[in-house]
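Asks: Dropping the structure in here first, questions after.
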Amino acid sequence: MNDVTELKRFVEVHGRILGIPGGRLARVLGRIRHDEEGEPGSWAREWTEAGVELERRGREAEAGRHFNIARFPYVDGPARADAQARTVASFDRWRLGGTAGIQRIDLGLSGGRVRCWAAGLAPRGGERRPVLLLSGGIVSVKEQFGPILAGADRFGLAVVAVEMPGVGENEQRYGPESHLMVSELLDALADRADTDRTVAVMMSFSGHMALRAALHDKRIRGVVTAGAPIGDFFTDADWRPRVPRVTVDTLAHLTGLTPDTVLPGLVGLALTPDELAAIRVPVAYTVSARDEIVPPGDRLLLERHVRELRLLVHDDVHGSPSHVAESRLWSLRSALDALGGFGPQRRFLGLALAAVRARERLTGARGRTTDTAPTPATTLTPVTTATTGGDA
């Protein structure tokens, strides 16, 4: 059973990412009093019932977003298992109802079965497109990437959305070898996509997986991430008491460890300075300057050791919920920058990003934003916190 006060605090970022209007978010949260399995007033039941009501009104995509929140942060009983199944079923109906081209891909990988949504894959023997590999963090399911999957043809990419080990429909267990999933997934898609030109847009803990995979897999041409743990998160014992309980409990669920042992048990996942220096591809990283999960030392490790680094820094909490539109556009443009080419698409994203930033300046959006150009590892970017402007 989760602390609903903490769940309410952390769901803000997920509600904004999913596009749930603030008023509706507040109304549903106002009905939630506890996290007892399946009871009236419980987290999973109230969010599920809100989704069912939207479903009855034919608003399939919106219903799926509510089911997504109902299963947050992870499946721990029948009520959340039902919400997880409804999330997938709702997405399936949405993509079959008017979003032709999104396919379901089931892969039997060495660590267990992994289910994906994909768009823009070539027919056998057809012309293969570069790959945009998408993944959220420890509480995010692949269905949240529906709009990007629907735009695969517009971008000229093969878009593949997957979940971290242990999340959603990914049957693997999260641990030291989890980064191997990335390479195995590319192996499985090689006959339907140009996997030699892959950019990984993988957030939070899956971003850490992408960075480690990029050390060994030369098909990965760039990594775009946000709020990814790097080194200090795993090794700094003084930081551990500050990590939110929902994060600790979710990591324990994904790894099979206990809440008391999971953070010390992940020490071996830390990326070392030598490993970071060995990454030969561009890395674009969105930093939340008031991140309550990832310690500030992880940003410093990137700045000191990654050869080609670009940072987007928001004065915000983990996931930067006040800057969702800007972060999303910046991430997509950074992905295309890493691949090279795609001139019209990059120009479009650049114009859209400029428009979002102009609107935020006019409306006085919270939190100043800093966007640094690619920086060689020998130059240390100053640690400045912004003040214009997640994964738990």
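Every chain in the structure tokens has a letter given in the order shown (A, B, ...), and although residue numbers restart at 1 in each chain, ligands are simply numbered from 1 in the order shown.
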Near Ala61 in chain A, within 12 Å and counting only C-alpha atoms, which residues show up once chain neighbours fewer than 4 positions away are dropped, as a count of residues only?
Replies: 32
Asks: Which distance in Å separates CA of Val287 in chain A and CA of Thr258 in chain A, to one decimal?
Replies: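 CA of Thr258 in chain A lies at a distance of 28.7 Å from CA of Val287 in chain A.
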Asks: Run DSSP on the backbone of this structure and report the residues of range 159-277 of chain A it assigns to strand (DSSP E or B), as a list in words.
Replies: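 Taking range 159-277 of chain A and keeping strand (DSSP E or B) only, one gets Val159, Val160, Ala161, Val162, Asp194, Thr195, Asp196, Arg197, Thr198, Val199, Ala200, Val201, Met202, Ile220, Arg221, Gly222, Val223, Val224, Thr225 and Ala226 of chain A.
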Asks: So that I can check the surroundings of range 246-249 of chain A, please list as a ChimeraX atom specification every protein, DNA and RNA residue that reaches within 12 Å of it, counting only C-alpha atoms and ignoring chain neighbours fewer than 3 positions away.
Replies: /A:1-11,72-76,137-139,204-205,233,240-243,252-266,292-294,318,390-392
Asks: Take the residues from that selection and write them out as a CSV table (one decimal), in the first residue's frame, keeping N, CA and C atoms.
Replies:
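As written to disk, selection28.csv reads:
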```csv
chain,number,residue,atom,x,y,z
A,1,MET,N,0.8,-1.2,0.0
A,1,MET,CA,0.0,0.0,0.0
A,1,MET,C,0.9,1.2,0.0
A,2,ASN,N,0.5,2.2,-0.8
A,2,ASN,CA,1.3,3.4,-1.0
A,2,ASN,C,0.8,4.6,-0.2
A,3,ASP,N,1.7,5.5,0.1
A,3,ASP,CA,1.3,6.8,0.8
A,3,ASP,C,0.7,7.7,-0.3
A,4,VAL,N,-0.7,7.9,-0.2
A,4,VAL,CA,-1.4,8.6,-1.2
A,4,VAL,C,-0.9,10.1,-1.3
A,5,THR,N,-0.5,10.6,-0.2
A,5,THR,CA,0.0,12.0,-0.2
A,5,THR,C,1.2,12.1,-1.2
A,6,GLU,N,2.1,11.2,-1.1
A,6,GLU,CA,3.3,11.1,-1.9
A,6,GLU,C,2.9,10.8,-3.4
A,7,LEU,N,2.0,9.9,-3.6
A,7,LEU,CA,1.5,9.6,-4.9
A,7,LEU,C,0.9,10.9,-5.6
A,8,LYS,N,0.1,11.6,-4.9
A,8,LYS,CA,-0.5,12.8,-5.4
A,8,LYS,C,0.6,13.8,-5.8
A,9,ARG,N,1.6,13.9,-5.0
A,9,ARG,CA,2.7,14.9,-5.3
A,9,ARG,C,3.4,14.5,-6.6
A,10,PHE,N,3.7,13.2,-6.7
A,10,PHE,CA,4.5,12.8,-7.9
A,10,PHE,C,3.7,12.6,-9.1
A,11,VAL,N,2.4,12.4,-9.0
A,11,VAL,CA,1.6,12.2,-10.2
A,11,VAL,C,1.4,13.5,-11.0
A,72,PHE,N,-0.4,3.5,-11.6
A,72,PHE,CA,0.8,4.1,-11.1
A,72,PHE,C,0.9,3.8,-9.6
A,73,PRO,N,2.1,3.5,-9.0
A,73,PRO,CA,3.4,3.5,-9.7
A,73,PRO,C,3.8,2.2,-10.3
A,74,TYR,N,3.1,1.1,-9.8
A,74,TYR,CA,3.4,-0.2,-10.4
A,74,TYR,C,2.3,-1.2,-9.9
A,75,VAL,N,2.2,-2.3,-10.6
A,75,VAL,CA,1.1,-3.2,-10.3
A,75,VAL,C,1.4,-4.0,-9.0
A,76,ASP,N,0.6,-3.8,-8.0
A,76,ASP,CA,0.8,-4.4,-6.7
A,76,ASP,C,-0.4,-5.2,-6.2
A,137,GLY,N,10.6,5.8,-17.7
A,137,GLY,CA,11.4,5.4,-16.6
A,137,GLY,C,10.7,4.3,-15.8
A,138,ILE,N,10.9,4.3,-14.5
A,138,ILE,CA,10.4,3.1,-13.7
A,138,ILE,C,8.9,3.1,-13.4
A,139,VAL,N,8.2,4.2,-13.8
A,139,VAL,CA,6.8,4.2,-13.5
A,139,VAL,C,6.0,4.5,-14.8
A,204,SER,N,14.9,9.0,-17.6
A,204,SER,CA,15.1,8.5,-16.3
A,204,SER,C,16.0,7.3,-16.2
A,205,PHE,N,15.6,6.2,-15.5
A,205,PHE,CA,16.4,5.0,-15.4
A,205,PHE,C,16.6,4.3,-16.7
A,233,PHE,N,23.9,8.8,-7.8
A,233,PHE,CA,22.6,8.3,-7.3
A,233,PHE,C,22.9,6.9,-6.7
A,240,ARG,N,20.9,8.7,-0.2
A,240,ARG,CA,19.8,7.7,-0.2
A,240,ARG,C,18.7,8.0,0.7
A,241,PRO,N,18.8,8.6,1.9
A,241,PRO,CA,17.7,8.9,2.7
A,241,PRO,C,16.7,10.0,2.1
A,242,ARG,N,17.2,10.7,1.1
A,242,ARG,CA,16.4,11.7,0.5
A,242,ARG,C,15.6,11.2,-0.7
A,243,VAL,N,15.9,10.0,-1.2
A,243,VAL,CA,15.2,9.4,-2.3
A,243,VAL,C,13.7,9.2,-1.8
A,252,ALA,N,12.4,-1.5,-5.8
A,252,ALA,CA,12.4,-2.8,-5.1
A,252,ALA,C,11.5,-3.8,-5.8
A,253,HIS,N,10.4,-3.3,-6.3
A,253,HIS,CA,9.5,-4.2,-7.1
A,253,HIS,C,10.1,-4.6,-8.4
A,254,LEU,N,10.8,-3.7,-9.1
A,254,LEU,CA,11.4,-4.1,-10.4
A,254,LEU,C,12.6,-5.0,-10.3
A,255,THR,N,13.3,-4.9,-9.1
A,255,THR,CA,14.6,-5.7,-9.0
A,255,THR,C,14.4,-7.0,-8.2
A,256,GLY,N,13.3,-7.1,-7.5
A,256,GLY,CA,13.1,-8.2,-6.6
A,256,GLY,C,13.8,-8.1,-5.3
A,257,LEU,N,14.4,-6.9,-5.0
A,257,LEU,CA,15.1,-6.7,-3.7
A,257,LEU,C,14.0,-6.1,-2.8
A,258,THR,N,14.5,-5.9,-1.5
A,258,THR,CA,13.6,-5.3,-0.5
A,258,THR,C,13.8,-3.7,-0.5
A,259,PRO,N,12.8,-3.0,0.0
A,259,PRO,CA,13.0,-1.5,0.1
A,259,PRO,C,14.3,-1.2,0.9
A,260,ASP,N,14.6,-2.0,1.9
A,260,ASP,CA,15.8,-1.7,2.7
A,260,ASP,C,17.1,-2.0,2.0
A,261,THR,N,17.1,-2.9,1.1
A,261,THR,CA,18.4,-3.3,0.4
A,261,THR,C,18.5,-2.8,-1.0
A,262,VAL,N,17.5,-2.3,-1.6
A,262,VAL,CA,17.6,-2.0,-3.0
A,262,VAL,C,18.6,-0.9,-3.4
A,263,LEU,N,18.6,0.2,-2.7
A,263,LEU,CA,19.6,1.2,-3.1
A,263,LEU,C,21.0,0.8,-2.9
A,264,PRO,N,21.4,0.2,-1.8
A,264,PRO,CA,22.8,-0.4,-1.7
A,264,PRO,C,23.0,-1.5,-2.7
A,265,GLY,N,22.0,-2.2,-3.1
A,265,GLY,CA,22.1,-3.3,-4.1
A,265,GLY,C,22.4,-2.8,-5.5
A,266,LEU,N,22.2,-1.5,-5.8
A,266,LEU,CA,22.3,-1.0,-7.1
A,266,LEU,C,23.7,-0.3,-7.3
A,292,GLU,N,14.5,15.9,-6.9
A,292,GLU,CA,14.5,15.2,-5.6
A,292,GLU,C,14.9,13.8,-5.6
A,293,ILE,N,15.2,13.3,-6.8
A,293,ILE,CA,15.6,11.9,-7.0
A,293,ILE,C,17.0,11.7,-7.4
A,294,VAL,N,17.4,12.5,-8.4
A,294,VAL,CA,18.8,12.4,-9.0
A,294,VAL,C,19.7,13.5,-8.3
A,318,HIS,N,11.9,16.9,-10.3
A,318,HIS,CA,12.1,15.8,-11.2
A,318,HIS,C,11.0,15.6,-12.3
A,390,GLY,N,8.2,12.3,-14.1
A,390,GLY,CA,8.9,11.9,-13.9
A,390,GLY,C,8.7,10.9,-13.2
A,391,ASP,N,9.4,10.7,-13.8
A,391,ASP,CA,9.4,9.4,-13.1
A,391,ASP,C,9.7,9.6,-11.6
A,392,ALA,N,8.9,8.9,-10.8
A,392,ALA,CA,9.2,8.9,-9.4
A,392,ALA,C,10.4,8.1,-9.0
```
Asks: For CA of Ser327 in chain A and CA of Leu339 in chain A, determine how far apart the two atoms are, in Å to one decimal place.
Replies: 18.6 Å
Asks: Output as an NGL selection string all residues of range 80-244 of chain A that backbone DSSP marks as helix (DSSP H, G or I).
Replies: :A and (80-96 or 142-150 or 152-155 or 180-189 or 205-216 or 232-235 or 240-242)
Asks: Counting only C-alpha atoms, which residue out of A:Ala190, A:Ala284, A:Ala289, A:Val159 sits closest to Gly319 in chain A?
Replies: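 Checking each candidate against Gly319 in chain A, we get A:Ala289 as the closest.
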Asks: Between CA of Phe348 in chain A and CA of Gly151 in chain A, measure the distance and give it in Å to one decimal.
Replies: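 Separating CA of Phe348 in chain A from CA of Gly151 in chain A is a distance of 13.3 Å.
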Asks: Mind checking which residues fall within 9 Å of range 102-107 of chain A, counting only C-alpha atoms, ignoring those fewer than 2 positions away in the same chain, and posting them as an mmCIF file with C-alpha atoms, in the first residue's frame?
Replies:
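Saved as around_19.cif:
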```cif
data_model
loop_
_atom_site.group_PDB
_atom_site.id
_atom_site.type_symbol
_atom_site.label_atom_id
_atom_site.label_comp_id
_atom_site.auth_asym_id
_atom_site.auth_seq_id
_atom_site.Cartn_x
_atom_site.Cartn_y
_atom_site.Cartn_z
ATOM 1 C CA ASP A 92 -5.037 -0.970 -28.855
ATOM 2 C CA ARG A 95 -4.543 2.720 -32.692
ATOM 3 C CA LEU A 96 -6.898 0.372 -34.597
ATOM 4 C CA THR A 99 -4.057 5.432 -36.303
ATOM 5 C CA ALA A 100 -3.130 2.933 -38.987
ATOM 6 C CA LEU A 109 14.603 -11.787 -25.595
ATOM 7 C CA GLY A 112 12.192 -12.465 -20.900
ATOM 8 C CA ARG A 113 9.422 -11.354 -23.233
ATOM 9 C CA VAL A 114 9.266 -7.680 -24.201
ATOM 10 C CA ARG A 115 6.223 -6.162 -25.894
ATOM 11 C CA CYS A 116 6.556 -3.000 -27.985
ATOM 12 C CA TRP A 117 4.484 -0.630 -30.074
ATOM 13 C CA ALA A 118 6.148 0.287 -33.376
ATOM 14 C CA ALA A 119 5.401 2.425 -36.424
ATOM 15 C CA GLY A 120 7.285 3.029 -39.645
ATOM 16 C CA LEU A 121 8.817 -0.442 -39.844
ATOM 17 C CA GLY A 146 1.115 7.268 -28.838
ATOM 18 C CA LEU A 149 4.246 6.764 -32.844
ATOM 19 C CA ALA A 150 1.421 8.315 -34.852
ATOM 20 C CA LEU A 185 15.845 -5.367 -29.380
ATOM 21 C CA ALA A 188 15.361 -8.357 -33.542
#
```
